[in-house]
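Chemist: This is entry-v4.cif (mmCIF, C-alpha atoms).
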data_model
#
loop_
_atom_site.label_atom_id
_atom_site.label_comp_id
_atom_site.auth_asym_id
_atom_site.auth_seq_id
_atom_site.Cartn_x
_atom_site.Cartn_y
_atom_site.Cartn_z
CA MET A 1 0.00 0.00 0.00
CA ARG A 2 1.35 3.38 -1.03
CA ALA A 3 0.50 6.63 0.71
CA HIS A 4 1.64 9.93 -0.75
CA TYR A 5 1.48 13.39 0.73
CA LEU A 6 1.75 16.84 -0.80
CA GLN A 7 3.82 19.22 1.34
CA HIS A 8 3.56 22.97 0.82
CA VAL A 9 6.18 24.22 3.30
CA PRO A 10 8.98 22.43 5.20
CA PHE A 11 7.46 23.03 8.64
CA GLU A 12 4.06 21.42 7.98
CA GLU A 13 4.69 17.68 7.92
CA LEU A 14 2.53 14.62 8.61
CA GLY A 15 2.52 14.87 12.39
CA SER A 16 0.61 11.96 13.93
CA ILE A 17 -0.44 10.72 10.47
CA GLU A 18 3.03 9.28 9.91
CA LYS A 19 2.73 6.87 12.84
CA TRP A 20 -0.69 5.69 11.68
CA LEU A 21 0.53 5.06 8.13
CA LEU A 22 3.59 3.13 9.26
CA THR A 23 1.57 1.04 11.70
CA ALA A 24 -0.93 0.26 8.94
CA GLY A 25 1.88 -0.93 6.65
CA TYR A 26 1.99 1.91 4.14
CA GLU A 27 5.01 2.99 2.16
CA ILE A 28 5.16 6.79 2.34
CA GLY A 29 6.06 9.03 -0.58
CA VAL A 30 6.13 12.82 -0.65
CA THR A 31 6.06 15.63 -3.17
CA ARG A 32 7.60 18.79 -1.74
CA LEU A 33 5.84 21.38 -3.84
CA TYR A 34 8.20 24.15 -2.69
CA GLU A 35 11.10 22.34 -4.41
CA PRO A 36 11.54 21.24 -8.04
CA HIS A 37 9.28 18.22 -8.33
CA VAL A 38 7.35 15.78 -10.48
CA LEU A 39 3.94 14.68 -9.25
CA PRO A 40 3.40 10.90 -9.13
CA ARG A 41 1.02 9.03 -11.37
CA VAL A 42 -2.37 8.80 -9.70
CA ASP A 43 -2.39 5.06 -10.37
CA ASP A 44 0.69 4.72 -8.15
CA VAL A 45 -1.09 6.17 -5.09
CA ASP A 46 -3.44 4.29 -2.75
CA LEU A 47 -3.99 7.17 -0.30
CA LEU A 48 -3.34 10.87 -0.86
CA VAL A 49 -2.86 13.38 1.98
CA VAL A 50 -2.70 17.11 1.20
CA MET A 51 -1.06 19.10 3.98
CA GLY A 52 -1.40 22.71 5.14
CA GLY A 53 0.57 25.84 4.38
CA PRO A 54 0.47 29.63 4.80
CA MET A 55 -0.23 30.51 1.17
CA SER A 56 -3.66 30.85 -0.46
CA VAL A 57 -5.01 28.51 -3.10
CA ASN A 58 -5.71 31.69 -5.07
CA ASP A 59 -1.99 32.59 -5.25
CA GLU A 60 -1.24 30.82 -8.53
CA ALA A 61 0.67 33.85 -9.85
CA THR A 62 3.11 33.53 -6.95
CA PHE A 63 3.00 29.74 -6.68
CA PRO A 64 2.34 28.44 -10.21
CA TRP A 65 2.52 24.81 -9.05
CA LEU A 66 -0.89 25.31 -7.43
CA ALA A 67 -2.60 24.90 -10.82
CA ALA A 68 -0.97 21.52 -11.43
CA GLU A 69 -1.71 20.47 -7.84
CA LYS A 70 -5.41 21.20 -8.33
CA ARG A 71 -5.48 19.16 -11.55
CA PHE A 72 -3.72 16.28 -9.80
CA ILE A 73 -6.18 16.34 -6.90
CA ARG A 74 -9.13 16.49 -9.27
CA GLU A 75 -7.79 13.41 -11.05
CA ALA A 76 -7.27 11.62 -7.73
CA VAL A 77 -10.81 12.42 -6.61
CA SER A 78 -12.28 11.21 -9.90
CA SER A 79 -10.24 7.99 -9.60
CA ALA A 80 -11.86 7.13 -6.24
CA ILE A 81 -8.54 7.24 -4.40
CA PRO A 82 -8.98 8.07 -0.69
CA VAL A 83 -7.99 11.73 -0.29
CA LEU A 84 -7.55 13.70 2.93
CA GLY A 85 -6.98 17.45 2.96
CA ILE A 86 -5.86 19.41 6.00
CA CYS A 87 -6.32 23.20 6.31
CA LEU A 88 -4.82 24.52 3.05
CA GLY A 89 -5.14 20.97 1.75
CA ALA A 90 -8.89 21.02 2.35
CA GLN A 91 -9.09 24.39 0.59
CA VAL A 92 -7.19 23.02 -2.42
CA ILE A 93 -9.60 20.07 -2.63
CA ALA A 94 -12.56 22.46 -2.41
CA ALA A 95 -11.13 24.70 -5.14
CA ALA A 96 -10.35 21.69 -7.35
CA THR A 97 -13.91 20.32 -7.10
CA GLY A 98 -16.03 23.41 -7.59
CA GLY A 99 -15.83 25.28 -4.28
CA ARG A 100 -14.51 28.78 -3.64
CA VAL A 101 -11.78 29.85 -1.19
CA TYR A 102 -11.96 33.29 0.41
CA GLN A 103 -11.10 35.23 3.56
CA ASN A 104 -12.95 34.12 6.66
CA PRO A 105 -14.45 36.96 8.75
CA ASP A 106 -12.12 35.99 11.62
CA LYS A 107 -8.74 34.34 11.82
CA GLU A 108 -8.95 31.18 13.90
CA ILE A 109 -5.69 30.22 15.56
CA GLY A 110 -5.59 28.08 18.67
CA TRP A 111 -7.58 25.44 20.50
CA PHE A 112 -11.29 25.95 19.81
CA PRO A 113 -14.21 23.52 19.62
CA VAL A 114 -15.90 22.26 16.49
CA THR A 115 -19.37 20.74 16.49
CA ALA A 116 -20.78 18.05 14.23
CA VAL A 117 -23.44 19.07 11.74
CA GLU A 118 -26.72 17.43 12.66
CA GLY A 119 -28.47 15.51 9.94
CA ALA A 120 -25.36 14.84 7.83
CA ASN A 121 -25.50 11.89 5.46
CA ALA A 122 -25.67 8.67 7.50
CA ARG A 123 -22.91 7.13 5.37
CA ALA A 124 -20.54 10.05 6.03
CA PHE A 125 -17.88 10.17 8.71
CA ALA A 126 -19.46 11.05 12.07
CA PHE A 127 -17.58 13.61 14.14
CA PRO A 128 -18.21 13.81 17.88
CA PRO A 129 -20.97 16.27 18.76
CA TRP A 130 -18.34 18.58 20.32
CA THR A 131 -14.58 18.35 20.31
CA GLU A 132 -11.73 20.79 20.92
CA VAL A 133 -9.22 20.88 18.05
CA PHE A 134 -6.20 22.84 16.85
CA HIS A 135 -6.78 25.60 14.27
CA TRP A 136 -4.52 27.85 12.22
CA HIS A 137 -6.26 29.52 9.30
CA GLY A 138 -7.43 32.87 7.97
CA GLU A 139 -9.29 31.70 4.88
CA THR A 140 -12.22 29.35 4.45
CA PHE A 141 -14.04 27.58 1.62
CA SER A 142 -17.51 27.16 0.24
CA LEU A 143 -18.70 23.58 0.04
CA PRO A 144 -18.11 21.93 -3.34
CA PRO A 145 -21.25 20.73 -5.14
CA ALA A 146 -22.51 17.43 -3.70
CA ALA A 147 -20.31 17.76 -0.60
CA VAL A 148 -21.66 16.75 2.79
CA HIS A 149 -21.11 19.36 5.50
CA LEU A 150 -19.59 17.58 8.52
CA ALA A 151 -18.50 20.17 11.10
CA ARG A 152 -18.60 23.86 11.99
CA SER A 153 -17.21 26.21 14.64
CA GLU A 154 -18.28 29.51 16.14
CA ALA A 155 -15.73 31.37 14.02
CA CYS A 156 -16.01 29.38 10.79
CA GLU A 157 -19.08 27.69 9.36
CA ASN A 158 -17.39 25.24 6.99
CA GLN A 159 -14.89 23.27 9.05
CA ALA A 160 -15.14 19.85 7.40
CA PHE A 161 -16.73 18.25 4.36
CA GLN A 162 -16.91 14.93 2.59
CA LEU A 163 -17.23 14.05 -1.10
CA GLY A 164 -18.49 10.58 -1.92
CA ARG A 165 -17.21 7.91 0.42
CA SER A 166 -13.47 8.56 0.34
CA VAL A 167 -12.66 12.28 0.22
CA ILE A 168 -12.58 14.39 3.39
CA GLY A 169 -11.43 17.98 3.87
CA LEU A 170 -10.63 19.32 7.35
CA GLN A 171 -10.09 23.02 7.98
CA PHE A 172 -8.54 22.15 11.36
CA HIS A 173 -5.50 20.11 12.36
CA LEU A 174 -6.09 16.72 13.99
CA GLU A 175 -2.54 15.60 13.18
CA THR A 176 -0.94 18.22 15.43
CA THR A 177 1.69 17.10 17.93
CA PRO A 178 3.58 19.27 20.43
CA ALA A 179 6.48 19.38 17.96
CA SER A 180 4.36 20.40 14.99
CA ALA A 181 2.53 23.06 17.03
CA SER A 182 5.88 24.53 18.05
CA ALA A 183 7.02 24.49 14.41
CA LEU A 184 3.95 26.48 13.37
CA VAL A 185 4.53 29.00 16.13
CA ASP A 186 8.21 29.35 15.24
CA ASN A 187 7.45 30.01 11.58
CA CYS A 188 4.15 31.90 11.76
CA ARG A 189 4.14 33.77 15.07
CA HIS A 190 3.70 37.04 13.17
CA GLU A 191 0.05 35.96 12.73
CA LEU A 192 -0.58 35.89 16.49
CA THR A 193 -2.07 39.36 16.72
CA PRO A 194 -4.83 39.90 19.30
CA ALA A 195 -8.25 38.94 17.94
CA PRO A 196 -11.38 37.15 19.23
CA TYR A 197 -10.28 33.73 17.93
CA VAL A 198 -6.51 34.05 18.11
CA GLN A 199 -4.82 32.63 21.19
CA SER A 200 -1.46 33.71 22.54
CA GLU A 201 1.74 31.78 21.89
CA GLN A 202 1.69 30.64 25.51
CA GLU A 203 -1.86 29.24 25.18
CA LEU A 204 -0.96 27.44 21.96
CA VAL A 205 2.07 25.55 23.23
CA ALA A 206 0.92 24.99 26.82
CA ALA A 207 -1.88 22.59 25.90
CA PRO A 208 -1.67 19.35 27.92
CA ARG A 209 -0.45 16.22 26.15
CA GLU A 210 -3.88 14.63 26.65
CA ARG A 211 -5.38 17.23 24.31
CA TYR A 212 -2.96 16.27 21.54
CA GLU A 213 -3.59 12.58 22.14
CA ALA A 214 -7.36 13.12 21.81
CA ILE A 215 -7.15 14.85 18.43
CA ASN A 216 -4.59 12.31 17.19
CA ARG A 217 -7.01 9.48 18.05
CA LEU A 218 -9.70 11.26 16.05
CA MET A 219 -7.24 11.63 13.16
CA ASP A 220 -6.68 7.86 13.31
CA GLU A 221 -10.44 7.33 13.05
CA VAL A 222 -10.71 9.59 10.00
CA LEU A 223 -7.87 7.75 8.24
CA ALA A 224 -9.31 4.32 9.07
CA TYR A 225 -12.68 5.44 7.71
CA LEU A 226 -11.18 6.72 4.46
CA VAL A 227 -9.25 3.58 3.62
CA THR A 228 -12.07 1.18 4.47
CA THR A 229 -14.90 2.98 2.64
CA ARG A 230 -13.33 3.57 -0.77
CA ASP A 231 -15.88 4.86 -3.30
CA THR A 232 -16.55 2.13 -5.86
CA THR A 233 -19.84 3.55 -7.14
CA GLY A 234 -18.35 5.70 -9.90
CA GLU A 235 -20.25 8.68 -8.49
CA LEU A 236 -17.22 10.95 -8.20
CA SER A 237 -15.75 9.74 -11.48
CA GLN A 238 -18.86 11.07 -13.23
CA ALA A 239 -18.95 14.31 -11.23
CA PHE A 240 -15.24 15.14 -11.57
CA PRO A 241 -13.83 13.53 -14.72
CA GLY A 242 -10.05 13.36 -14.72
CA THR A 243 -8.09 15.98 -16.62
#
Would you put the structure from the file into structure tokens?
Modeler:
Amino acid sequence: MRAHYLQHVPFEELGSIEKWLLTAGYEIGVTRLYEPHVLPRVDDVDLLVVMGGPMSVNDEATFPWLAAEKRFIREAVSSAIPVLGICLGAQVIAAATGGRVYQNPDKEIGWFPVTAVEGANARAFAFPPWTEVFHWHGETFSLPPAAVHLARSEACENQAFQLGRSVIGLQFHLETTPASASALVDNCRHELTPAPYVQSEQELVAAPRERYEAINRLMDEVLAYLVTTRDTTGELSQAFPGT
């Protein structure tokens, strides 16, 4: 089994996802989009993870590789490969499948709760009714056509969505570990300006280990769901034909 992840900046890596993949027996490949690269063939990937980053999906003039990344993700989605997007990764999936990415009214940086959307499709992944997770984003996305809305927060309505049976986008970070939280702070502390949904550096890094362990367990559940419910209906292949 071959997992592949798309990395947008050096300091946003797999976090707890790496341990889950290795335990599950996956070989792990990576495309570092910030370096000269060649994207893999979609047929060579059994699970695709699209990580976060500080840029916008709308910044193709500055980061021209974004256009090719969106085409690659669209092809992966249409091929029924399990795809997980995190923060920027979720926004790229949304943009690649008919959604729109734009500035959220509030930045959301820190530990804040998300709540499950009541009445979501019974076949979709079921988030806990309320759970505290790690956020670091200023933009948000509209839901792609046919997406199931999975979670929301007080600051941001669209926190998670699902397409078909095997594509999930998360605006928040369930993979965060103490080390990856510190890396974000070290590289992006200029964003920690006082605001209603922006916590201080001290609040961000002082979270107890149990809080990280809880979100990492939920990340494990999302991954297990994705790889055991692969879409074989052809529904996404018809909705998003490969390019």
Chemist: Go through A:Glu13, A:Asp59, A:Glu175, A:Glu75 one by one, measure the shortest atom-to-atom distance of each to Arg211 (chain A) using only C-alpha atoms, and give the residue with the smallest value.
Modeler: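 The shortest atom-to-atom distance to Arg211 (chain A) comes from A:Glu175.
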Chemist: For the interface of region 11-41 of chain A with region 218-226 of chain A (cut-off 9 Å, counting only C-alpha atoms), please tabulate each contacting residue of region 11-41 of chain A alongside its nearest pair of atoms and their separation in Å to one decimal, rows sorted by chain and increasing number, as CSV.
Modeler:
residue,atom,partner,partner_atom,distance
A:Ser16,CA,A:Met219,CA,7.9
A:Ile17,CA,A:Met219,CA,7.4
A:Trp20,CA,A:Asp220,CA,6.6
A:Leu21,CA,A:Leu223,CA,8.8
Chemist: Build an axis-aligned box that encloses every atom of region 9-12 of chain A listed in the file, pad it by 4 Å on each side, and report its centre and edge lengths in Å to one decimal, as lines of an AutoDock Vina configuration file.
Modeler:
center_x = 6.5
center_y = 22.8
center_z = 6.0
size_x = 12.9
size_y = 10.8
size_z = 13.3
Chemist: Enter the distance from CA of Tyr5 (chain A) to CA of Val148 (chain A), in Å, rounded to one decimal.
Modeler: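 For CA of Tyr5 (chain A) relative to CA of Val148 (chain A), the distance reads 23.5 Å.
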Chemist: In terms of the shortest atom-to-atom distance over only C-alpha atoms, which of A:Gly53, A:Pro40, A:Gly110, A:Gly15 is closest to Thr193 (chain A)?
Modeler: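 Among the listed residues, the smallest separation from Thr193 (chain A) belongs to A:Gly110.
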Chemist: Quick one: which residues end up in the PyMOL selection byres ((chain A and resi 185-187) around 12) for this structure, as a ChimeraX atom specification?
Modeler: /A:9-12,53-54,109-110,135-136,178-184,188-192,199-206
Chemist: So the first atom is CA of Phe141 (chain A) and the second is CA of Phe172 (chain A); what is the distance between them in Å, to one decimal place?
Modeler: 12.4 Å
Chemist: Which residues are near Ala90 (chain A)? Cut-off 8 Å, only C-alpha atoms, ignore same chain within fewer than 3 positions. Put them as a list in words.
Modeler: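 In the requested form, the answer reads Val50, Leu84, Gly85, Ile86, Cys87, Ile93, Ala94, Ile168, Gly169, Leu170 and Gln171 of chain A.
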Chemist: So how many Å separate CA of Glu35 (chain A) and CA of Arg2 (chain A), to one decimal?
Modeler: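 CA of Arg2 (chain A) lies 21.6 Å from CA of Glu35 (chain A).
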Chemist: Could you check which of A:Gln159, A:Glu132, A:Leu66, A:Glu154 is closest to Glu213 (chain A), using only C-alpha atoms?
Modeler: A:Glu132
Chemist: Once the PyMOL selection byres ((chain A and resi 127) around 8) has been applied to the shown file, what residues remain in the selection, as a list in words?
Modeler: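 Checked against the file, the PyMOL selection byres ((chain A and resi 127) around 8) matches Thr115, Ala116, Phe125, Ala126, Pro128, Pro129, Trp130, Leu150 and Ala151 of chain A.
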Chemist: How would the residues just picked look written out with C-alpha atoms as a short mmCIF file (atom, residue, chain, number, x, y, z; two decimals), in the frame of the given file?
Modeler:
data_model
loop_
_atom_site.label_atom_id
_atom_site.label_comp_id
_atom_site.auth_asym_id
_atom_site.auth_seq_id
_atom_site.Cartn_x
_atom_site.Cartn_y
_atom_site.Cartn_z
CA THR A 115 -19.37 20.74 16.49
CA ALA A 116 -20.78 18.05 14.23
CA PHE A 125 -17.88 10.17 8.71
CA ALA A 126 -19.46 11.05 12.07
CA PRO A 128 -18.21 13.81 17.88
CA PRO A 129 -20.97 16.27 18.76
CA TRP A 130 -18.34 18.58 20.32
CA LEU A 150 -19.59 17.58 8.52
CA ALA A 151 -18.50 20.17 11.10
#
Chemist: Let me know the residues the PyMOL selection byres ((chain A and resi 27) around 12) catches in the file above, as JSON, numbers by chain.
Modeler: {"A": [1, 2, 3, 4, 5, 18, 19, 20, 21, 22, 23, 24, 25, 26, 28, 29, 30, 44, 45, 46, 47, 48]}
Chemist: With distances taken over all atoms listed in the file, which residue among A:Arg152, A:Ser79, A:Ala67, A:Arg209 lies nearest Glu118 (chain A)?
Modeler: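 Ranking A:Arg152, A:Ser79, A:Ala67, A:Arg209 by distance to Glu118 (chain A), first place goes to A:Arg152.
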Chemist: Considering all atoms listed in the file, state which residue in the set A:Leu14, A:Ala160, A:Pro64, A:Ser56 is at the smallest distance from Pro36 (chain A).
Modeler: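 Going through A:Leu14, A:Ala160, A:Pro64, A:Ser56 one by one, the smallest distance to Pro36 (chain A) is for A:Pro64.
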Chemist: Rank A:His8, A:Arg100, A:Arg217, A:Lys107 by their smallest atom-to-atom distance to Tyr34 (chain A), using only C-alpha atoms, and report the top residue only.
Modeler: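 The closest residue to Tyr34 (chain A) is A:His8.
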